[in-house]
$ cat model_29.txt   # compact mmCIF, C-alpha atoms
# COMPACT_ATOMS: atom_id res chain seq x y z
CA MET U 1 18.20 105.37 -36.22
CA LYS U 2 17.25 104.77 -39.84
CA VAL U 3 14.12 106.52 -41.09
CA ARG U 4 11.76 103.71 -42.12
CA LYS U 5 8.36 105.44 -42.12
CA ALA U 6 6.70 108.37 -43.85
CA VAL U 7 3.55 110.28 -42.93
CA ILE U 8 1.43 112.01 -45.57
CA THR U 9 -1.28 114.44 -44.45
CA ALA U 10 -4.20 114.14 -46.88
CA ALA U 11 -7.25 115.02 -44.81
CA GLY U 12 -8.04 118.50 -46.16
CA TRP U 13 -11.27 119.46 -47.92
CA GLY U 14 -9.62 120.85 -51.05
CA THR U 15 -11.94 123.86 -51.08
CA ARG U 16 -9.84 125.72 -53.66
CA PHE U 17 -10.81 123.07 -56.21
CA LEU U 18 -14.54 122.92 -55.53
CA PRO U 19 -16.73 121.68 -57.10
CA ALA U 20 -14.19 119.19 -58.53
CA THR U 21 -13.32 118.03 -55.00
CA LYS U 22 -16.88 117.58 -53.78
CA VAL U 23 -16.50 113.79 -54.00
CA GLN U 24 -12.96 113.47 -55.45
CA PRO U 25 -10.05 113.93 -53.01
CA LYS U 26 -7.83 116.82 -53.95
CA GLU U 27 -4.81 114.52 -53.69
CA MET U 28 -6.25 112.36 -56.47
CA LEU U 29 -6.56 115.14 -59.04
CA PRO U 30 -4.42 114.18 -62.04
CA LEU U 31 -1.02 115.45 -63.06
CA VAL U 32 -1.00 114.31 -66.69
CA ASP U 33 -2.05 110.66 -66.27
CA ARG U 34 -1.53 109.84 -62.59
CA PRO U 35 -2.91 111.37 -59.38
CA ALA U 36 -0.77 113.93 -57.58
CA LEU U 37 -0.48 111.70 -54.52
CA GLN U 38 1.17 108.95 -56.54
CA TYR U 39 4.14 111.24 -57.23
CA ILE U 40 4.58 111.59 -53.46
CA ILE U 41 4.48 107.82 -52.91
CA GLU U 42 6.98 107.36 -55.75
CA GLU U 43 9.33 109.90 -54.13
CA ILE U 44 9.07 107.97 -50.87
CA ALA U 45 9.80 104.65 -52.56
CA ALA U 46 12.73 106.11 -54.52
CA SER U 47 14.23 107.30 -51.22
CA GLY U 48 14.24 103.86 -49.62
CA ILE U 49 11.30 104.34 -47.24
CA GLU U 50 8.98 101.35 -47.26
CA HIS U 51 6.22 102.13 -44.73
CA VAL U 52 3.71 104.94 -45.26
CA VAL U 53 0.98 106.33 -42.99
CA ILE U 54 -1.62 108.44 -44.81
CA VAL U 55 -3.88 110.70 -42.76
CA THR U 56 -7.26 110.80 -44.47
CA ALA U 57 -10.80 111.94 -43.71
CA SER U 58 -14.37 111.10 -44.62
CA GLY U 59 -14.88 110.81 -48.37
CA LYS U 60 -11.27 109.91 -49.15
CA GLN U 61 -11.85 106.24 -50.03
CA ALA U 62 -10.51 106.83 -53.55
CA ILE U 63 -7.02 107.13 -52.05
CA GLU U 64 -7.19 103.66 -50.52
CA ASN U 65 -8.71 102.20 -53.68
CA HIS U 66 -6.00 103.64 -55.90
CA PHE U 67 -3.13 102.11 -53.95
CA ASP U 68 -4.87 98.74 -53.56
CA ARG U 69 -5.06 95.91 -56.09
CA SER U 70 -7.79 96.04 -58.75
CA PHE U 71 -8.15 92.42 -59.81
CA GLU U 72 -11.00 93.10 -62.25
CA LEU U 73 -9.03 95.81 -64.06
CA GLU U 74 -5.89 93.68 -64.09
CA HIS U 75 -7.84 90.77 -65.57
CA PHE U 76 -9.33 93.03 -68.24
CA LEU U 77 -5.91 94.43 -69.21
CA LYS U 78 -4.42 90.94 -69.33
CA GLN U 79 -7.24 89.67 -71.56
CA LYS U 80 -6.78 92.59 -73.93
CA GLY U 81 -3.03 92.10 -74.12
CA HIS U 82 -2.20 95.51 -72.59
CA SER U 83 0.92 94.20 -70.85
CA GLN U 84 2.57 97.59 -70.28
CA LEU U 85 -0.55 99.08 -68.69
CA LEU U 86 -0.98 95.93 -66.62
CA HIS U 87 2.57 96.28 -65.30
CA GLU U 88 2.00 99.95 -64.41
CA ILE U 89 -1.24 99.22 -62.58
CA GLN U 90 0.24 96.33 -60.61
CA ALA U 91 3.28 98.40 -59.66
CA ILE U 92 1.11 101.00 -57.89
CA SER U 93 0.10 98.61 -55.11
CA GLN U 94 3.72 97.53 -54.66
CA LEU U 95 5.21 100.99 -54.10
CA ALA U 96 4.94 100.90 -50.31
CA ASP U 97 3.32 99.26 -47.31
CA ILE U 98 0.51 101.74 -46.60
CA CYS U 99 -1.78 102.14 -43.61
CA TYR U 100 -4.41 104.82 -43.02
CA VAL U 101 -5.39 106.99 -40.05
CA ARG U 102 -8.57 109.05 -40.19
CA GLN U 103 -8.60 112.61 -38.87
CA SER U 104 -12.20 112.99 -37.75
CA GLU U 105 -11.95 116.77 -37.23
CA GLN U 106 -9.96 119.42 -39.08
CA LEU U 107 -7.83 120.48 -36.11
CA GLY U 108 -4.68 121.55 -37.90
CA LEU U 109 -1.49 120.09 -39.34
CA GLY U 110 -0.01 119.51 -35.90
CA HIS U 111 -3.04 117.46 -34.89
CA ALA U 112 -2.84 115.44 -38.13
CA VAL U 113 0.76 114.55 -37.30
CA LEU U 114 -0.03 113.81 -33.65
CA ILE U 115 -2.68 111.20 -34.42
CA THR U 116 -0.11 109.10 -36.29
CA GLU U 117 1.97 108.52 -33.14
CA ARG U 118 0.75 104.97 -32.57
CA CYS U 119 1.62 104.01 -36.15
CA VAL U 120 4.99 105.76 -36.19
CA GLY U 121 6.12 104.74 -32.72
CA ASN U 122 9.30 105.94 -31.06
CA GLU U 123 11.35 106.49 -34.19
CA PRO U 124 12.15 109.29 -36.65
CA PHE U 125 9.90 109.70 -39.66
CA ALA U 126 9.50 111.66 -42.86
CA LEU U 127 6.54 114.02 -43.22
CA PHE U 128 5.03 115.05 -46.55
CA LEU U 129 2.51 117.76 -47.37
CA PRO U 130 1.16 116.42 -50.66
CA ASP U 131 0.35 119.80 -52.19
CA ASP U 132 4.07 120.27 -52.76
CA ILE U 133 5.25 118.29 -55.77
CA ILE U 134 9.03 118.62 -56.10
CA ARG U 135 10.85 117.61 -59.25
CA ALA U 136 14.50 116.87 -58.54
CA ASP U 137 17.32 114.65 -59.78
CA VAL U 138 17.79 113.49 -56.18
CA PRO U 139 14.39 113.17 -54.45
CA ALA U 140 13.82 116.08 -52.09
CA ILE U 141 13.17 113.84 -49.09
CA LYS U 142 16.39 111.93 -49.84
CA GLN U 143 18.27 115.22 -49.62
CA LEU U 144 16.77 115.76 -46.16
CA LEU U 145 17.56 112.18 -45.16
CA ASP U 146 21.22 112.79 -46.01
CA VAL U 147 21.22 115.80 -43.65
CA TYR U 148 19.50 113.75 -40.93
CA ASP U 149 22.11 111.00 -41.32
CA ARG U 150 24.89 113.56 -40.72
CA TYR U 151 23.39 115.46 -37.80
CA GLY U 152 20.80 113.11 -36.25
CA CYS U 153 18.25 115.90 -35.78
CA SER U 154 14.95 117.02 -37.26
CA VAL U 155 15.28 118.62 -40.70
CA VAL U 156 12.88 120.93 -42.52
CA ALA U 157 12.95 121.70 -46.23
CA VAL U 158 13.28 125.37 -47.12
CA GLU U 159 13.51 127.44 -50.26
CA PRO U 160 14.02 131.16 -50.87
CA VAL U 161 10.73 133.01 -51.24
CA ALA U 162 9.99 136.53 -52.41
CA ARG U 163 9.93 139.00 -49.54
CA HIS U 164 6.33 139.93 -50.28
CA ASP U 165 5.39 136.24 -49.95
CA THR U 166 6.76 135.65 -46.44
CA ALA U 167 3.26 136.01 -44.99
CA SER U 168 2.34 132.75 -46.75
CA TYR U 169 5.09 130.62 -45.14
CA GLY U 170 6.73 129.61 -41.94
CA ILE U 171 10.06 131.47 -42.06
CA ILE U 172 13.22 130.31 -40.32
CA GLU U 173 15.91 132.31 -38.56
CA PRO U 174 18.96 130.57 -40.05
CA GLU U 175 22.54 130.03 -39.02
CA HIS U 176 24.65 128.89 -41.96
CA VAL U 177 26.36 125.53 -41.37
CA GLU U 178 27.45 124.36 -44.80
CA GLU U 179 26.30 124.71 -48.39
CA ARG U 180 22.48 124.67 -48.43
CA ILE U 181 22.37 123.57 -44.75
CA PHE U 182 21.33 125.81 -41.85
CA ARG U 183 20.77 125.42 -38.15
CA VAL U 184 17.32 126.76 -37.25
CA LEU U 185 17.57 129.38 -34.49
CA GLY U 186 13.88 130.27 -34.60
CA LEU U 187 10.68 129.99 -36.61
CA VAL U 188 8.05 132.61 -37.34
CA GLU U 189 4.69 131.59 -38.80
CA LYS U 190 3.62 133.77 -41.75
CA PRO U 191 5.43 137.00 -40.81
CA GLU U 192 4.95 140.26 -42.62
CA PRO U 193 7.98 141.06 -44.82
CA GLU U 194 9.42 143.65 -42.42
CA LYS U 195 9.30 141.13 -39.53
CA ALA U 196 10.63 138.08 -41.39
CA PRO U 197 14.01 136.87 -40.02
CA SER U 198 15.04 135.65 -43.49
CA ASN U 199 13.59 134.79 -46.89
CA LEU U 200 13.81 131.00 -46.29
CA GLY U 201 10.32 129.52 -46.23
CA ILE U 202 9.46 126.05 -44.96
CA VAL U 203 7.84 123.81 -47.59
CA GLY U 204 6.21 120.40 -47.46
CA ARG U 205 9.07 118.01 -46.60
CA TYR U 206 10.31 117.21 -43.08
CA ILE U 207 12.34 114.63 -41.19
CA LEU U 208 11.10 114.65 -37.60
CA THR U 209 12.38 112.95 -34.48
CA PRO U 210 9.73 111.23 -32.32
CA GLU U 211 10.11 113.99 -29.70
CA ILE U 212 7.83 116.09 -31.90
CA PHE U 213 4.85 114.13 -30.57
CA ALA U 214 5.49 115.25 -26.98
CA MET U 215 5.87 118.83 -28.20
CA LEU U 216 2.59 118.69 -30.11
CA ARG U 217 0.78 117.36 -27.05
CA LYS U 218 2.03 120.45 -25.19
CA THR U 219 1.11 122.82 -28.01
CA PRO U 220 -2.03 124.83 -27.21
CA PRO U 221 -4.63 125.18 -29.97
CA GLY U 222 -4.47 128.45 -31.83
CA LYS U 223 -6.86 130.19 -34.18
CA GLY U 224 -9.87 128.02 -35.00
CA GLY U 225 -8.85 125.47 -32.38
CA GLU U 226 -6.06 124.17 -34.61
CA ILE U 227 -2.72 122.77 -33.45
CA GLN U 228 0.04 124.12 -35.63
CA LEU U 229 3.14 122.09 -36.49
CA THR U 230 5.25 125.25 -36.51
CA ASP U 231 4.36 125.84 -32.84
CA GLY U 232 5.41 122.28 -32.03
CA LEU U 233 8.71 122.76 -33.87
CA ARG U 234 9.30 125.95 -31.92
CA LEU U 235 8.97 124.00 -28.66
CA LEU U 236 11.23 121.29 -30.05
CA LEU U 237 13.96 123.88 -30.58
CA ASP U 238 14.15 124.34 -26.80
CA ASP U 239 15.09 120.66 -26.37
CA GLU U 240 17.15 119.70 -29.41
CA PRO U 241 18.65 121.17 -32.60
CA VAL U 242 16.64 121.47 -35.79
CA PHE U 243 18.30 121.89 -39.19
CA ALA U 244 17.05 123.19 -42.52
CA CYS U 245 17.97 122.00 -46.00
CA ALA U 246 17.61 124.28 -49.01
CA PHE U 247 16.80 121.41 -51.35
CA GLN U 248 17.75 121.34 -55.01
CA GLY U 249 14.74 120.95 -57.28
CA ARG U 250 11.68 122.68 -58.63
CA ARG U 251 8.59 122.85 -56.41
CA PHE U 252 5.01 123.18 -57.58
CA ASP U 253 2.20 124.13 -55.23
CA THR U 254 -0.51 121.84 -56.59
CA GLY U 255 -2.85 122.99 -53.84
CA THR U 256 -4.01 125.75 -56.21
CA PRO U 257 -5.59 125.34 -59.66
CA LEU U 258 -2.82 127.37 -61.30
CA GLY U 259 -0.09 125.38 -59.56
CA LEU U 260 -1.69 122.09 -60.61
CA LEU U 261 -1.95 123.33 -64.20
CA LEU U 262 1.67 124.52 -64.33
CA ALA U 263 2.94 121.23 -62.90
CA SER U 264 0.87 119.31 -65.44
CA LEU U 265 2.25 121.38 -68.30
CA GLU U 266 5.87 120.94 -67.27
CA MET U 267 5.49 117.20 -66.78
CA ALA U 268 3.67 116.84 -70.09
CA LEU U 269 6.45 118.74 -71.87
CA ASP U 270 8.91 116.16 -70.53
CA ARG U 271 6.93 113.34 -72.12
CA PRO U 272 8.15 112.34 -75.62
CA ASP U 273 4.65 111.13 -76.51
CA LEU U 274 3.07 114.48 -75.63
CA ARG U 275 5.74 117.16 -76.09
CA ASP U 276 5.48 117.92 -79.81
CA ASN U 277 1.70 118.15 -79.98
CA LEU U 278 1.55 120.18 -76.76
CA MET U 279 4.24 122.58 -77.99
CA ALA U 280 2.38 123.04 -81.27
CA TYR U 281 -0.78 123.83 -79.35
CA LEU U 282 0.97 126.32 -77.05
CA ARG U 283 2.53 128.06 -80.07
CA SER U 284 -0.90 128.30 -81.66
CA LEU U 285 -2.20 130.03 -78.53
CA GLU U 286 0.67 132.52 -78.73
CA LEU U 287 -0.17 133.32 -82.33
CA TYR U 288 -3.85 133.58 -81.48
CA SER U 289 -3.13 136.01 -78.63
CA LYS U 290 -1.60 138.46 -81.12

$ encode --input "model_29.txt" --output "structure tokens"
Amino acid sequence: MKVRKAVITAAGWGTRFLPATKVQPKEMLPLVDRPALQYIIEEIAASGIEHVVIVTASGKQAIENHFDRSFELEHFLKQKGHSQLLHEIQAISQLADICYVRQSEQLGLGHAVLITERCVGNEPFALFLPDDIIRADVPAIKQLLDVYDRYGCSVVAVEPVARHDTASYGIIEPEHVEERIFRVLGLVEKPEPEKAPSNLGIVGRYILTPEIFAMLRKTPPGKGGEIQLTDGLRLLLDDEPVFACAFQGRRFDTGTPLGLLLASLEMALDRPDLRDNLMAYLRSLELYSK
């Protein structure tokens, strides 16, 4: 079955960015001149997925407002003759058909996925963790979709991580299938380096079959009463194969201030209108540091 829907989990508090995220959703913090979440929606649209379910929480109205029409702003831009800006603003609301589900309690990633079941229905779907911005010639989720089309099973995105960082990731036990593709034999959540079955860490892109919902309903809450997606995937392995794709691209963890800054710098350096002045400034900092 074709993957027609994507789920984005955007209900977190963004505590690492406080006080900036006191009233501003973390997902709406800017990367150069657009919010981080817009890059995720653009990746979805570029991969041929038209329907998006965003899991939000109290205080996240800015997300809905951003992806809706703004007739007053459009009228102002039209009156001022800013045709290019007008086109860009109008295009935002046309990226995808978006609906919203509110997670009333912070009960874990697995719970955030589970509450989208009515919107997703009995069909496979893409899942995005919006902290992970991935720059790639072929969109990362499209790379996973290609694997799903070949094998018809759930697919998780993985990348090699430093051994001392395994305790920050879900780590797979892999069986090599073809170039960059693995069958997942097991998953370990945040293992210490000496207990990690590999150095392949799961990052924020998934293609999931609808059977994941039944697995999450059977998943007992763990620490803090949270339902973990990794536990649900582990149960899913008992019923059907799961594959992993070592995607090609460069990932930024924009869930940290440093990651957001580094992603902003790299994207700005790719912009012809910003590159020269930014490079001059960075060179001046290097001279100043001496």

$ atom_distance --input "model_29.txt" --atom1 "CA of Pro25 (chain U)" --atom2 "CA of Val138 (chain U)"
28.0 Å

$ closest_atom_pairs --input "model_29.txt" --of "region 107-205 of chain U" --to "region 43-67 of chain U" --cutoff "12 Å" --atoms "all atoms listed in the file" --output "CSV"
residue,atom,partner,partner_atom,distance
U:Leu107,CA,U:Ala57,CA,11.8
U:Gly108,CA,U:Val55,CA,11.9
U:Leu109,CA,U:Val55,CA,10.3
U:Gly110,CA,U:Val55,CA,11.8
U:His111,CA,U:Val55,CA,10.4
U:Ala112,CA,U:Val55,CA,6.7
U:Val113,CA,U:Val55,CA,8.1
U:Leu114,CA,U:Val55,CA,10.4
U:Ile115,CA,U:Val55,CA,8.4
U:Thr116,CA,U:Val53,CA,7.3
U:Glu117,CA,U:Val53,CA,10.1
U:Arg118,CA,U:Val53,CA,10.5
U:Cys119,CA,U:Val53,CA,7.3
U:Val120,CA,U:Val53,CA,7.9
U:Gly121,CA,U:Val53,CA,11.6
U:Pro124,CA,U:Ile49,CA,11.7
U:Phe125,CA,U:Ile49,CA,9.4
U:Ala126,CA,U:Ile49,CA,8.7
U:Leu127,CA,U:Val53,CA,9.5
U:Phe128,CA,U:Ile44,CA,9.2
U:Leu129,CA,U:Ile54,CA,10.5
U:Pro130,CA,U:Ile54,CA,10.3
U:Asp132,CA,U:Glu43,CA,11.7
U:Ile133,CA,U:Glu43,CA,9.5
U:Ile134,CA,U:Glu43,CA,8.9
U:Arg135,CA,U:Glu43,CA,9.4
U:Ala136,CA,U:Glu43,CA,9.7
U:Asp137,CA,U:Glu43,CA,10.9
U:Val138,CA,U:Ser47,CA,8.7
U:Pro139,CA,U:Glu43,CA,6.0
U:Ala140,CA,U:Glu43,CA,7.9
U:Ile141,CA,U:Ser47,CA,7.0
U:Lys142,CA,U:Ser47,CA,5.3
U:Gln143,CA,U:Ser47,CA,9.0
U:Leu144,CA,U:Ser47,CA,10.2
U:Leu145,CA,U:Ser47,CA,8.5
U:Asp146,CA,U:Ser47,CA,10.3
U:Arg205,CA,U:Ile44,CA,10.9

$ write_last_selection --input "model_29.txt" --atoms "C-alpha atoms" --output "PDB file, in the frame of the given file"
ATOM      1  CA  LEU U 107      -7.830 120.480 -36.110  1.00  0.00           C
ATOM      2  CA  GLY U 108      -4.680 121.550 -37.900  1.00  0.00           C
ATOM      3  CA  LEU U 109      -1.490 120.090 -39.340  1.00  0.00           C
ATOM      4  CA  GLY U 110      -0.010 119.510 -35.900  1.00  0.00           C
ATOM      5  CA  HIS U 111      -3.040 117.460 -34.890  1.00  0.00           C
ATOM      6  CA  ALA U 112      -2.840 115.440 -38.130  1.00  0.00           C
ATOM      7  CA  VAL U 113       0.760 114.550 -37.300  1.00  0.00           C
ATOM      8  CA  LEU U 114      -0.030 113.810 -33.650  1.00  0.00           C
ATOM      9  CA  ILE U 115      -2.680 111.200 -34.420  1.00  0.00           C
ATOM     10  CA  THR U 116      -0.110 109.100 -36.290  1.00  0.00           C
ATOM     11  CA  GLU U 117       1.970 108.520 -33.140  1.00  0.00           C
ATOM     12  CA  ARG U 118       0.750 104.970 -32.570  1.00  0.00           C
ATOM     13  CA  CYS U 119       1.620 104.010 -36.150  1.00  0.00           C
ATOM     14  CA  VAL U 120       4.990 105.760 -36.190  1.00  0.00           C
ATOM     15  CA  GLY U 121       6.120 104.740 -32.720  1.00  0.00           C
ATOM     16  CA  PRO U 124      12.150 109.290 -36.650  1.00  0.00           C
ATOM     17  CA  PHE U 125       9.900 109.700 -39.660  1.00  0.00           C
ATOM     18  CA  ALA U 126       9.500 111.660 -42.860  1.00  0.00           C
ATOM     19  CA  LEU U 127       6.540 114.020 -43.220  1.00  0.00           C
ATOM     20  CA  PHE U 128       5.030 115.050 -46.550  1.00  0.00           C
ATOM     21  CA  LEU U 129       2.510 117.760 -47.370  1.00  0.00           C
ATOM     22  CA  PRO U 130       1.160 116.420 -50.660  1.00  0.00           C
ATOM     23  CA  ASP U 132       4.070 120.270 -52.760  1.00  0.00           C
ATOM     24  CA  ILE U 133       5.250 118.290 -55.770  1.00  0.00           C
ATOM     25  CA  ILE U 134       9.030 118.620 -56.100  1.00  0.00           C
ATOM     26  CA  ARG U 135      10.850 117.610 -59.250  1.00  0.00           C
ATOM     27  CA  ALA U 136      14.500 116.870 -58.540  1.00  0.00           C
ATOM     28  CA  ASP U 137      17.320 114.650 -59.780  1.00  0.00           C
ATOM     29  CA  VAL U 138      17.790 113.490 -56.180  1.00  0.00           C
ATOM     30  CA  PRO U 139      14.390 113.170 -54.450  1.00  0.00           C
ATOM     31  CA  ALA U 140      13.820 116.080 -52.090  1.00  0.00           C
ATOM     32  CA  ILE U 141      13.170 113.840 -49.090  1.00  0.00           C
ATOM     33  CA  LYS U 142      16.390 111.930 -49.840  1.00  0.00           C
ATOM     34  CA  GLN U 143      18.270 115.220 -49.620  1.00  0.00           C
ATOM     35  CA  LEU U 144      16.770 115.760 -46.160  1.00  0.00           C
ATOM     36  CA  LEU U 145      17.560 112.180 -45.160  1.00  0.00           C
ATOM     37  CA  ASP U 146      21.220 112.790 -46.010  1.00  0.00           C
ATOM     38  CA  ARG U 205       9.070 118.010 -46.600  1.00  0.00           C
TER      39      ARG U 205
END

$ atom_distance --input "model_29.txt" --atom1 "CA of Ser83 (chain U)" --atom2 "CA of Arg34 (chain U)"
17.9 Å

$ atom_distance --input "model_29.txt" --atom1 "CA of Gly255 (chain U)" --atom2 "CA of Thr21 (chain U)"
11.6 Å

$ closest_residue --input "model_29.txt" --among "U:His87, U:Lys190, U:Arg234, U:His82" --to "Arg69 (chain U)" --atoms "all atoms listed in the file"
U:His87

$ closest_residue --input "model_29.txt" --among "U:Lys218, U:Leu233, U:Leu37, U:Ile212" --to "Ile172 (chain U)" --atoms "all atoms listed in the file"
U:Leu233

$ closest_residue --input "model_29.txt" --among "U:Asp131, U:Pro272, U:Asp68, U:Leu285" --to "Asp253 (chain U)" --atoms "only C-alpha atoms"
U:Asp131

$ residues_near_point --input "model_29.txt" --point "(7.9, 126.3, -40.1)" --cutoff "10 Å" --atoms "only C-alpha atoms" --output "PDB file with C-alpha atoms, in the coordinates of the input"
ATOM      1  CA  VAL U 156      12.880 120.930 -42.520  1.00  0.00           C
ATOM      2  CA  ALA U 157      12.950 121.700 -46.230  1.00  0.00           C
ATOM      3  CA  VAL U 158      13.280 125.370 -47.120  1.00  0.00           C
ATOM      4  CA  TYR U 169       5.090 130.620 -45.140  1.00  0.00           C
ATOM      5  CA  GLY U 170       6.730 129.610 -41.940  1.00  0.00           C
ATOM      6  CA  ILE U 171      10.060 131.470 -42.060  1.00  0.00           C
ATOM      7  CA  ILE U 172      13.220 130.310 -40.320  1.00  0.00           C
ATOM      8  CA  VAL U 184      17.320 126.760 -37.250  1.00  0.00           C
ATOM      9  CA  GLY U 186      13.880 130.270 -34.600  1.00  0.00           C
ATOM     10  CA  LEU U 187      10.680 129.990 -36.610  1.00  0.00           C
ATOM     11  CA  VAL U 188       8.050 132.610 -37.340  1.00  0.00           C
ATOM     12  CA  GLU U 189       4.690 131.590 -38.800  1.00  0.00           C
ATOM     13  CA  LYS U 190       3.620 133.770 -41.750  1.00  0.00           C
ATOM     14  CA  LEU U 200      13.810 131.000 -46.290  1.00  0.00           C
ATOM     15  CA  GLY U 201      10.320 129.520 -46.230  1.00  0.00           C
ATOM     16  CA  ILE U 202       9.460 126.050 -44.960  1.00  0.00           C
ATOM     17  CA  VAL U 203       7.840 123.810 -47.590  1.00  0.00           C
ATOM     18  CA  GLY U 204       6.210 120.400 -47.460  1.00  0.00           C
ATOM     19  CA  TYR U 206      10.310 117.210 -43.080  1.00  0.00           C
ATOM     20  CA  GLN U 228       0.040 124.120 -35.630  1.00  0.00           C
ATOM     21  CA  LEU U 229       3.140 122.090 -36.490  1.00  0.00           C
ATOM     22  CA  THR U 230       5.250 125.250 -36.510  1.00  0.00           C
ATOM     23  CA  ASP U 231       4.360 125.840 -32.840  1.00  0.00           C
ATOM     24  CA  GLY U 232       5.410 122.280 -32.030  1.00  0.00           C
ATOM     25  CA  LEU U 233       8.710 122.760 -33.870  1.00  0.00           C
ATOM     26  CA  ARG U 234       9.300 125.950 -31.920  1.00  0.00           C
ATOM     27  CA  ALA U 244      17.050 123.190 -42.520  1.00  0.00           C
TER      28      ALA U 244
END

$ residues_around --input "model_29.txt" --residues "Ala167 (chain U)" --least-positions-apart "6" --cutoff "7 Å" --atoms "only C-alpha atoms" --output "VMD selection string"
chain U and resid 190 to 193

$ closest_residue --input "model_29.txt" --among "U:Ala6, U:Val242, U:Ser198, U:Ala36" --to "Ile98 (chain U)" --atoms "all atoms listed in the file"
U:Ala6

$ closest_residue --input "model_29.txt" --among "U:Arg251, U:Lys22, U:Arg275, U:Arg283" --to "Val161 (chain U)" --atoms "all atoms listed in the file"
U:Arg251

$ closest_residue --input "model_29.txt" --among "U:Phe243, U:Phe252, U:Phe17, U:Tyr100" --to "Tyr148 (chain U)" --atoms "only C-alpha atoms"
U:Phe243

$ residues_around --input "model_29.txt" --residues "Ser70 (chain U)" --least-positions-apart "6" --cutoff "12 Å" --atoms "all atoms listed in the file" --output "PyMOL selection string"
chain U and resi 64+76-77+86+88-93

$ residues_around --input "model_29.txt" --residues "Asp270 (chain U)" --least-positions-apart "6" --cutoff "12 Å" --atoms "only C-alpha atoms" --output "PDB file with C-alpha atoms, in the frame of the given file"
ATOM      1  CA  VAL U  32      -1.000 114.310 -66.690  1.00  0.00           C
ATOM      2  CA  ARG U 135      10.850 117.610 -59.250  1.00  0.00           C
ATOM      3  CA  ALA U 263       2.940 121.230 -62.900  1.00  0.00           C
ATOM      4  CA  SER U 264       0.870 119.310 -65.440  1.00  0.00           C
ATOM      5  CA  ASP U 276       5.480 117.920 -79.810  1.00  0.00           C
ATOM      6  CA  LEU U 278       1.550 120.180 -76.760  1.00  0.00           C
ATOM      7  CA  MET U 279       4.240 122.580 -77.990  1.00  0.00           C
TER       8      MET U 279
END

$ decode --input "model_29.txt" --residues "region 189-202 of chain U" --atoms "N, CA and C atoms" --output "mmCIF file, in the first residue's frame"
data_model
loop_
_atom_site.group_PDB
_atom_site.id
_atom_site.type_symbol
_atom_site.label_atom_id
_atom_site.label_comp_id
_atom_site.auth_asym_id
_atom_site.auth_seq_id
_atom_site.Cartn_x
_atom_site.Cartn_y
_atom_site.Cartn_z
ATOM 1 N N GLU U 189 17.481 0.262 23.722
ATOM 2 C CA GLU U 189 17.303 1.693 23.971
ATOM 3 C C GLU U 189 18.441 2.225 24.833
ATOM 4 N N LYS U 190 19.226 3.123 24.261
ATOM 5 C CA LYS U 190 20.287 3.862 24.961
ATOM 6 C C LYS U 190 21.241 2.948 25.742
ATOM 7 N N PRO U 191 21.881 2.000 25.037
ATOM 8 C CA PRO U 191 22.805 1.106 25.749
ATOM 9 C C PRO U 191 24.144 1.771 26.033
ATOM 10 N N GLU U 192 24.796 1.326 27.072
ATOM 11 C CA GLU U 192 26.173 1.740 27.310
ATOM 12 C C GLU U 192 27.049 1.152 26.200
ATOM 13 N N PRO U 193 28.162 1.814 25.870
ATOM 14 C CA PRO U 193 28.969 1.385 24.719
ATOM 15 C C PRO U 193 29.323 -0.099 24.724
ATOM 16 N N GLU U 194 29.654 -0.647 25.877
ATOM 17 C CA GLU U 194 30.071 -2.048 25.927
ATOM 18 C C GLU U 194 28.901 -3.014 25.708
ATOM 19 N N LYS U 195 27.666 -2.527 25.797
ATOM 20 C CA LYS U 195 26.490 -3.382 25.609
ATOM 21 C C LYS U 195 25.769 -3.113 24.293
ATOM 22 N N ALA U 196 26.267 -2.169 23.504
ATOM 23 C CA ALA U 196 25.602 -1.814 22.246
ATOM 24 C C ALA U 196 25.849 -2.900 21.200
ATOM 25 N N PRO U 197 24.804 -3.385 20.521
ATOM 26 C CA PRO U 197 24.976 -4.435 19.513
ATOM 27 C C PRO U 197 25.594 -3.938 18.207
ATOM 28 N N SER U 198 25.673 -2.629 18.025
ATOM 29 C CA SER U 198 26.305 -2.042 16.840
ATOM 30 C C SER U 198 26.530 -0.569 17.131
ATOM 31 N N ASN U 199 26.957 0.169 16.119
ATOM 32 C CA ASN U 199 27.076 1.623 16.262
ATOM 33 C C ASN U 199 26.026 2.338 15.415
ATOM 34 N N LEU U 200 24.951 1.636 15.009
ATOM 35 C CA LEU U 200 23.906 2.220 14.175
ATOM 36 C C LEU U 200 22.763 2.715 15.060
ATOM 37 N N GLY U 201 22.658 4.039 15.152
ATOM 38 C CA GLY U 201 21.638 4.651 15.988
ATOM 39 C C GLY U 201 20.420 5.067 15.188
ATOM 40 N N ILE U 202 19.247 4.877 15.767
ATOM 41 C CA ILE U 202 17.997 5.276 15.125
ATOM 42 C C ILE U 202 17.824 6.788 15.266
#
